[in-house]
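Engineer: I'd like to ask you about the structure that follows.
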Amino acid sequence: MAQVTTRVAIIGAGPAGLLLGIALHRAGIDFVILENRSREYVLGRVRAGVLEQGSVETLTRLGVGDRLARDGLVHDGIYLQFAGERHHVDFTALIGRTVTVYGQQEVVKDLMAEHDRLGSDARYEVADVAPHGLDGSAPTVTFTSDGRQHELAADFVVGADGFHGVSRASIPADQITIYEREYPYAWLGILANVAPSTDELIYCLHEDGFAMHSMRSHSVSRLYLQVDPTESIDAWSDARIWDALHTRLGVPGWTLHEGEVTEKSITPMRSFVASRLDYGRLFLVGDAGHIVPPTGAKGLNSALSDVTMLAAALIDFFAGDERKLAEYGTAALARQWRTQQFSQWMTEMLHRRPGDNAATAFDYRSQLGELSYVTGSDYAMQMLAEQYTGLKL
């Protein structure tokens with residue numbers, strides 16, 4: 001069995017694992033990244049596209065923000081639309097902060113390019129990854145690569161391998177509790193080769209359900225519709241999708257432009273939080289420890305905030321100060337529950353409850369009242385702006 005030694009073993013080469021590696025490198029801390037998928041697969045995943053201001057600042061500080069600064073679309077706010085009217089929530093005027101539209105796959109591309117430049121030890125298409133000895137002082141990770149078995153010895157193991165990864169599953173079942181909630185609706189999302197029909201993201205509550213107009217660039221639009229989780233994408237032709245978008249997003253004097261649909265899929269919505277993000281010498285970041293519904297644009301940003309906190313803690317540890325590392329699990333979870341609350345609030349305020357009865361009719365009118373309050377109160381809009389642009393670390 002081939003043996004390798006490093007300071008930090010990172011399982012997962014998504015944006016969280018890749019960013020952590022760069023942060024550690026800047027501090028002179030050795031690491032190895034293990035990923036069971038190919039580079040091409042990791043690069044091809046289309047995910048989130050809105051970066052909080054803090055995420056932009058972190059990427060810039062770590063030297064991987066050049067293309068983001070050039071190609072990212074800085075947004076000063078969002079639109080909330082309901083009852084046929086569109087209202088602007090101006091983040092810059094309210095709290096002096098912004099968000100930037102920049103696809104997750106573009107972030108991954110920038111991070112991979114930096115690792116290539118650094119000559120990092122990042123291994124793709126490895127198999128049989130298994131952490132060992134996490135509750136001791138000398139954890140290891142075994143894996144198979146190129147038909148050979150390997151053992152990676154490290155001071156710490158970081159699980160950045162997502163919800164289905166091996167890291168969280170390595171914590172004994174009696175040492176962890178899972179909190180989760182499934183929502184009774186899903187998002188049908190499309191990518192379309194057409195310039196955005198809006199200057200800011202539009203979040204819309206309509207009698208037929210939620211709709212959203214986002215974008216990926218000056219020439220590519222990203223749009224969503226609320227659908228039932230049991231719906232089949234085959235039942236949604238391009239024409240049906242555009243008709244529903246016109247109906248839900250339409251307001252007087254505004255035109256939704258159509259274009260070639262290049263991707264479409266249906267994604268169920270759920271919330272998930274593990275009761276701990278640390279166990280012995282293991283630390284979890286991103287989807288390995290928590291998932292949010294996409295309404296508040298927090299998935300990628302939550303992962304990057306975990307990494308920012310954990311990187312600082314590891315750097316302090318190797319410099320002789322163990323306090324932040326001992327507090328990481330508690331501090332990251334506290335921030336995550338605030339993020340969960342915001343994502344749940346946005347989701348429940350903007351989606352129609354399923355069913356056609358007196359209770360759902362009441363709920364819809366209550367949602368309209370809530371949106372009317374939010375858009376009519378500077379204090380409420382400041383709260384939304386503060387959380388949407390990102391809580392400060």
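Within each chain, counting starts at residue 1; across the structure tokens, chains are named A, B, ... in the order shown, with ligands numbered 1 upward in that order.
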Near Gly253 of chain A, within 12 Å and counting only C-alpha atoms, which residues show up once chain neighbours fewer than 3 positions away are dropped, as a ChimeraX atom specification?
Structural biologist: /A:84-86,249-250,256
Engineer: Using C-alpha atoms, can you write the selected residues to a file as a PDB file, in the first residue's frame?
Structural biologist:
```pdb
ATOM      1  CA  GLY A  84     -49.106  41.911 -10.423  1.00  0.00           C
ATOM      2  CA  GLU A  85     -46.669  44.547  -9.141  1.00  0.00           C
ATOM      3  CA  ARG A  86     -42.856  44.561  -8.948  1.00  0.00           C
ATOM      4  CA  LEU A 249     -43.600  37.006 -14.351  1.00  0.00           C
ATOM      5  CA  GLY A 250     -45.612  39.318 -16.578  1.00  0.00           C
ATOM      6  CA  LEU A 256     -39.907  38.532 -21.126  1.00  0.00           C
TER       7      LEU A 256
END
```
Engineer: Determine which residues of segment 160-375 of chain A receive a DSSP assignment of alpha helix (DSSP H), computed from the backbone, and state them as a ChimeraX atom specification.
Structural biologist: /A:166-169,238-249,299-318,323-350,358-375
Engineer: With only C-alpha atoms as the basis for distance, which of A:Ala326, A:Ala192, A:Val4, A:Leu391 is at the shortest distance from Ala153 of chain A?
Structural biologist: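 The answer is A:Val4, which sits nearest to Ala153 of chain A.
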Engineer: Using only C-alpha atoms, which residues sit within 12 Å of Trp345 of chain A once same-chain residues fewer than 4 positions away are excluded, as a PyMOL selection string?
Structural biologist: chain A and resi 271+292-296+338-341+349-351+367+370-371+374+383-384+387-388
Engineer: Can you pull out every residue within 8 Å of Tyr328 of chain A, counting only C-alpha atoms, but drop anything in the same chain fewer than 4 positions away, and send it as an MDAnalysis selection string?
Structural biologist: chainID A and resid 277:278 309:310 313 324 332
Engineer: Next, dump the selected residues to file, keeping only N, CA and C atoms, as a PDB file, in the first residue's frame.
Structural biologist:
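Listed below is the output, part_13.pdb:
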```pdb
ATOM      1  N   LEU A 277     -20.631  19.566  13.189  1.00  0.00           N
ATOM      2  CA  LEU A 277     -19.755  19.718  12.032  1.00  0.00           C
ATOM      3  C   LEU A 277     -18.325  19.346  12.375  1.00  0.00           C
ATOM      4  N   ASP A 278     -18.157  18.745  13.545  1.00  0.00           N
ATOM      5  CA  ASP A 278     -16.830  18.267  13.925  1.00  0.00           C
ATOM      6  C   ASP A 278     -16.971  16.971  14.714  1.00  0.00           C
ATOM      7  N   MET A 309     -14.164  30.167   7.905  1.00  0.00           N
ATOM      8  CA  MET A 309     -14.011  29.972   9.347  1.00  0.00           C
ATOM      9  C   MET A 309     -13.018  28.853   9.647  1.00  0.00           C
ATOM     10  N   LEU A 310     -13.135  27.728   8.928  1.00  0.00           N
ATOM     11  CA  LEU A 310     -12.267  26.588   9.214  1.00  0.00           C
ATOM     12  C   LEU A 310     -10.822  26.875   8.823  1.00  0.00           C
ATOM     13  N   ALA A 313      -9.231  28.847  11.459  1.00  0.00           N
ATOM     14  CA  ALA A 313      -9.022  28.028  12.647  1.00  0.00           C
ATOM     15  C   ALA A 313      -7.827  27.101  12.489  1.00  0.00           C
ATOM     16  N   LYS A 324      -9.832  28.617  18.093  1.00  0.00           N
ATOM     17  CA  LYS A 324     -10.812  28.690  17.000  1.00  0.00           C
ATOM     18  C   LYS A 324     -11.186  27.304  16.484  1.00  0.00           C
ATOM     19  N   ALA A 332     -19.821  27.502  13.482  1.00  0.00           N
ATOM     20  CA  ALA A 332     -20.347  27.291  12.137  1.00  0.00           C
ATOM     21  C   ALA A 332     -21.803  26.870  12.167  1.00  0.00           C
TER      22      ALA A 332
END
```
Engineer: So, with only C-alpha atoms as the atoms that count, which of A:Glu200, A:Glu114, A:Glu151, A:Glu207 lies closest to Gly77 of chain A?
Structural biologist: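 When distances to Gly77 of chain A are compared using only C-alpha atoms, the smallest one comes from A:Glu200.
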Engineer: For the strand (DSSP E or B) assignment from backbone DSSP, which residues of segment 234-392 of chain A qualify? Please present them as a VMD selection string.
Structural biologist: chain A and resid 260 to 274 278 to 279 282 to 284 290 to 291
Engineer: Need to verify the contact set: Gly390 of chain A, 12 Å, only C-alpha atoms, exclusion of same-chain residues closer than 4 positions in sequence. Can you return it as a PyMOL selection string?
Structural biologist: chain A and resi 50-57+91+95+97-100+296-302+304-305+335-336+338-339+342-343+383-386
Engineer: Given the selection you just returned, output its residues as a file containing C-alpha atoms, formatted as a PDB file, in the first residue's frame.
Structural biologist:
```pdb
ATOM      1  CA  VAL A  50     -25.303  34.327  -6.662  1.00  0.00           C
ATOM      2  CA  LEU A  51     -22.303  35.214  -4.492  1.00  0.00           C
ATOM      3  CA  GLU A  52     -22.667  37.184  -1.263  1.00  0.00           C
ATOM      4  CA  GLN A  53     -20.390  40.158  -0.822  1.00  0.00           C
ATOM      5  CA  GLY A  54     -18.381  38.238   1.767  1.00  0.00           C
ATOM      6  CA  SER A  55     -17.846  35.349  -0.671  1.00  0.00           C
ATOM      7  CA  VAL A  56     -16.563  37.784  -3.292  1.00  0.00           C
ATOM      8  CA  GLU A  57     -14.235  39.357  -0.728  1.00  0.00           C
ATOM      9  CA  PHE A  91     -29.405  46.640  -1.017  1.00  0.00           C
ATOM     10  CA  ILE A  95     -27.126  48.760   3.864  1.00  0.00           C
ATOM     11  CA  ARG A  97     -23.741  45.987   0.269  1.00  0.00           C
ATOM     12  CA  THR A  98     -24.166  44.048  -2.989  1.00  0.00           C
ATOM     13  CA  VAL A  99     -24.246  40.528  -4.438  1.00  0.00           C
ATOM     14  CA  THR A 100     -22.569  39.256  -7.605  1.00  0.00           C
ATOM     15  CA  GLY A 296     -32.259  32.528  -0.472  1.00  0.00           C
ATOM     16  CA  ALA A 297     -29.192  31.769  -2.665  1.00  0.00           C
ATOM     17  CA  LYS A 298     -27.287  30.408   0.341  1.00  0.00           C
ATOM     18  CA  GLY A 299     -25.969  26.954  -0.663  1.00  0.00           C
ATOM     19  CA  LEU A 300     -22.598  27.898  -2.154  1.00  0.00           C
ATOM     20  CA  ASN A 301     -22.222  30.872   0.153  1.00  0.00           C
ATOM     21  CA  SER A 302     -22.774  28.708   3.243  1.00  0.00           C
ATOM     22  CA  LEU A 304     -17.618  29.271   1.481  1.00  0.00           C
ATOM     23  CA  SER A 305     -18.368  30.755   4.898  1.00  0.00           C
ATOM     24  CA  ARG A 335     -24.272  30.715  11.655  1.00  0.00           C
ATOM     25  CA  GLN A 336     -25.871  27.906   9.679  1.00  0.00           C
ATOM     26  CA  ARG A 338     -29.420  31.688  10.989  1.00  0.00           C
ATOM     27  CA  THR A 339     -28.953  30.914   7.312  1.00  0.00           C
ATOM     28  CA  PHE A 342     -33.629  33.029   6.285  1.00  0.00           C
ATOM     29  CA  SER A 343     -33.844  30.417   3.518  1.00  0.00           C
ATOM     30  CA  MET A 383     -33.332  42.778   7.373  1.00  0.00           C
ATOM     31  CA  LEU A 384     -33.774  41.076   4.015  1.00  0.00           C
ATOM     32  CA  ALA A 385     -30.840  42.965   2.513  1.00  0.00           C
ATOM     33  CA  GLU A 386     -28.531  42.143   5.423  1.00  0.00           C
TER      34      GLU A 386
END
```
Engineer: Write out as a list in words the residues lying within 10 Å of Gly12 of chain A, counting only C-alpha atoms and excluding same-chain residues fewer than 5 positions away.
Structural biologist: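 My reading of the contact set: Gly17, Leu18, Ile33, Leu34, Glu35, Asn36, Arg37, Val42, Ala122, Arg123, Tyr124, Val158, Gly159, Ala160, Asp161, Gly162, Gly165, Val166, Ser167 and Ala288 of chain A.
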Engineer: Keeping only C-alpha atoms, write those residues as a PDB file, in the first residue's frame.
Structural biologist:
```pdb
ATOM      1  CA  GLY A  17     -12.590  21.694  -0.851  1.00  0.00           C
ATOM      2  CA  LEU A  18     -10.741  23.588  -3.565  1.00  0.00           C
ATOM      3  CA  ILE A  33      -7.452  16.727  -2.115  1.00  0.00           C
ATOM      4  CA  LEU A  34      -9.287  13.490  -2.968  1.00  0.00           C
ATOM      5  CA  GLU A  35     -12.238  13.478  -5.394  1.00  0.00           C
ATOM      6  CA  ASN A  36     -14.131  10.435  -6.653  1.00  0.00           C
ATOM      7  CA  ARG A  37     -15.423  12.179  -9.785  1.00  0.00           C
ATOM      8  CA  VAL A  42     -16.898  18.513 -11.348  1.00  0.00           C
ATOM      9  CA  ALA A 122      -5.395  17.053  -6.118  1.00  0.00           C
ATOM     10  CA  ARG A 123      -6.376  13.526  -7.122  1.00  0.00           C
ATOM     11  CA  TYR A 124      -9.484  12.880  -9.191  1.00  0.00           C
ATOM     12  CA  VAL A 158     -12.009  17.763   6.162  1.00  0.00           C
ATOM     13  CA  GLY A 159     -15.219  16.440   4.638  1.00  0.00           C
ATOM     14  CA  ALA A 160     -16.150  18.608   1.654  1.00  0.00           C
ATOM     15  CA  ASP A 161     -17.754  15.715  -0.210  1.00  0.00           C
ATOM     16  CA  GLY A 162     -21.406  16.727  -0.157  1.00  0.00           C
ATOM     17  CA  GLY A 165     -20.200  11.623   0.693  1.00  0.00           C
ATOM     18  CA  VAL A 166     -18.383   9.338   3.102  1.00  0.00           C
ATOM     19  CA  SER A 167     -17.279  11.985   5.604  1.00  0.00           C
ATOM     20  CA  ALA A 288     -21.586  17.466   3.901  1.00  0.00           C
TER      21      ALA A 288
END
```
Engineer: Would you pick out the contacts of segment 355-362 of chain A at 12 Å or less, using only C-alpha atoms, so that residues sharing its chain but fewer than 6 positions from it are not included, and give the list as a VMD selection string?
Structural biologist: chain A and resid 184 to 185 207 to 209 228 368 to 369
Engineer: Tell me which of A:Val74, A:Ala93, A:Ala186, A:Leu223 sits closest to Asp199 of chain A, counting only C-alpha atoms.
Structural biologist: A:Val74
Engineer: Choose the residue, out of A:Asp238, A:Asp174, A:Asp243, A:Glu258, that has the smallest atom-to-atom separation from Ala195 of chain A; count only C-alpha atoms.
Structural biologist: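 Of A:Asp238, A:Asp174, A:Asp243, A:Glu258, the one nearest Ala195 of chain A is A:Glu258, counting only C-alpha atoms.
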Engineer: Which residue gives the smallest distance to Pro139 of chain A among A:Val108, A:Ala2, A:Val251, A:Val8, with only C-alpha atoms counted?
Structural biologist: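 Of all the options, A:Val8 lies closest to Pro139 of chain A.
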Engineer: Measuring between only C-alpha atoms, which one of A:Ala23, A:Ile266, A:Ala303, A:Val126 shows the shortest distance to Asp234 of chain A?
Structural biologist: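 Of all the options, A:Ile266 lies closest to Asp234 of chain A.
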Engineer: Enter the distance from atom CA of Asp287 of chain A to atom CA of Phe163 of chain A, in Å, rounded to one decimal.
Structural biologist: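 If I compute the distance from atom CA of Asp287 of chain A to atom CA of Phe163 of chain A, I get 5.2 Å.
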Engineer: Atom CA of Gly14 of chain A and atom CA of Met215 of chain A, how far apart in Å?
Structural biologist: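 Spanning atom CA of Met215 of chain A to atom CA of Gly14 of chain A is a straight-line distance of 21.7 Å.
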Engineer: Could you please determine the separation between atom CA of Thr142 of chain A and atom CA of Ala13 of chain A in Å, to one decimal place?
Structural biologist: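 Value for the atom CA of Thr142 of chain A-atom CA of Ala13 of chain A distance: 16.6 Å.
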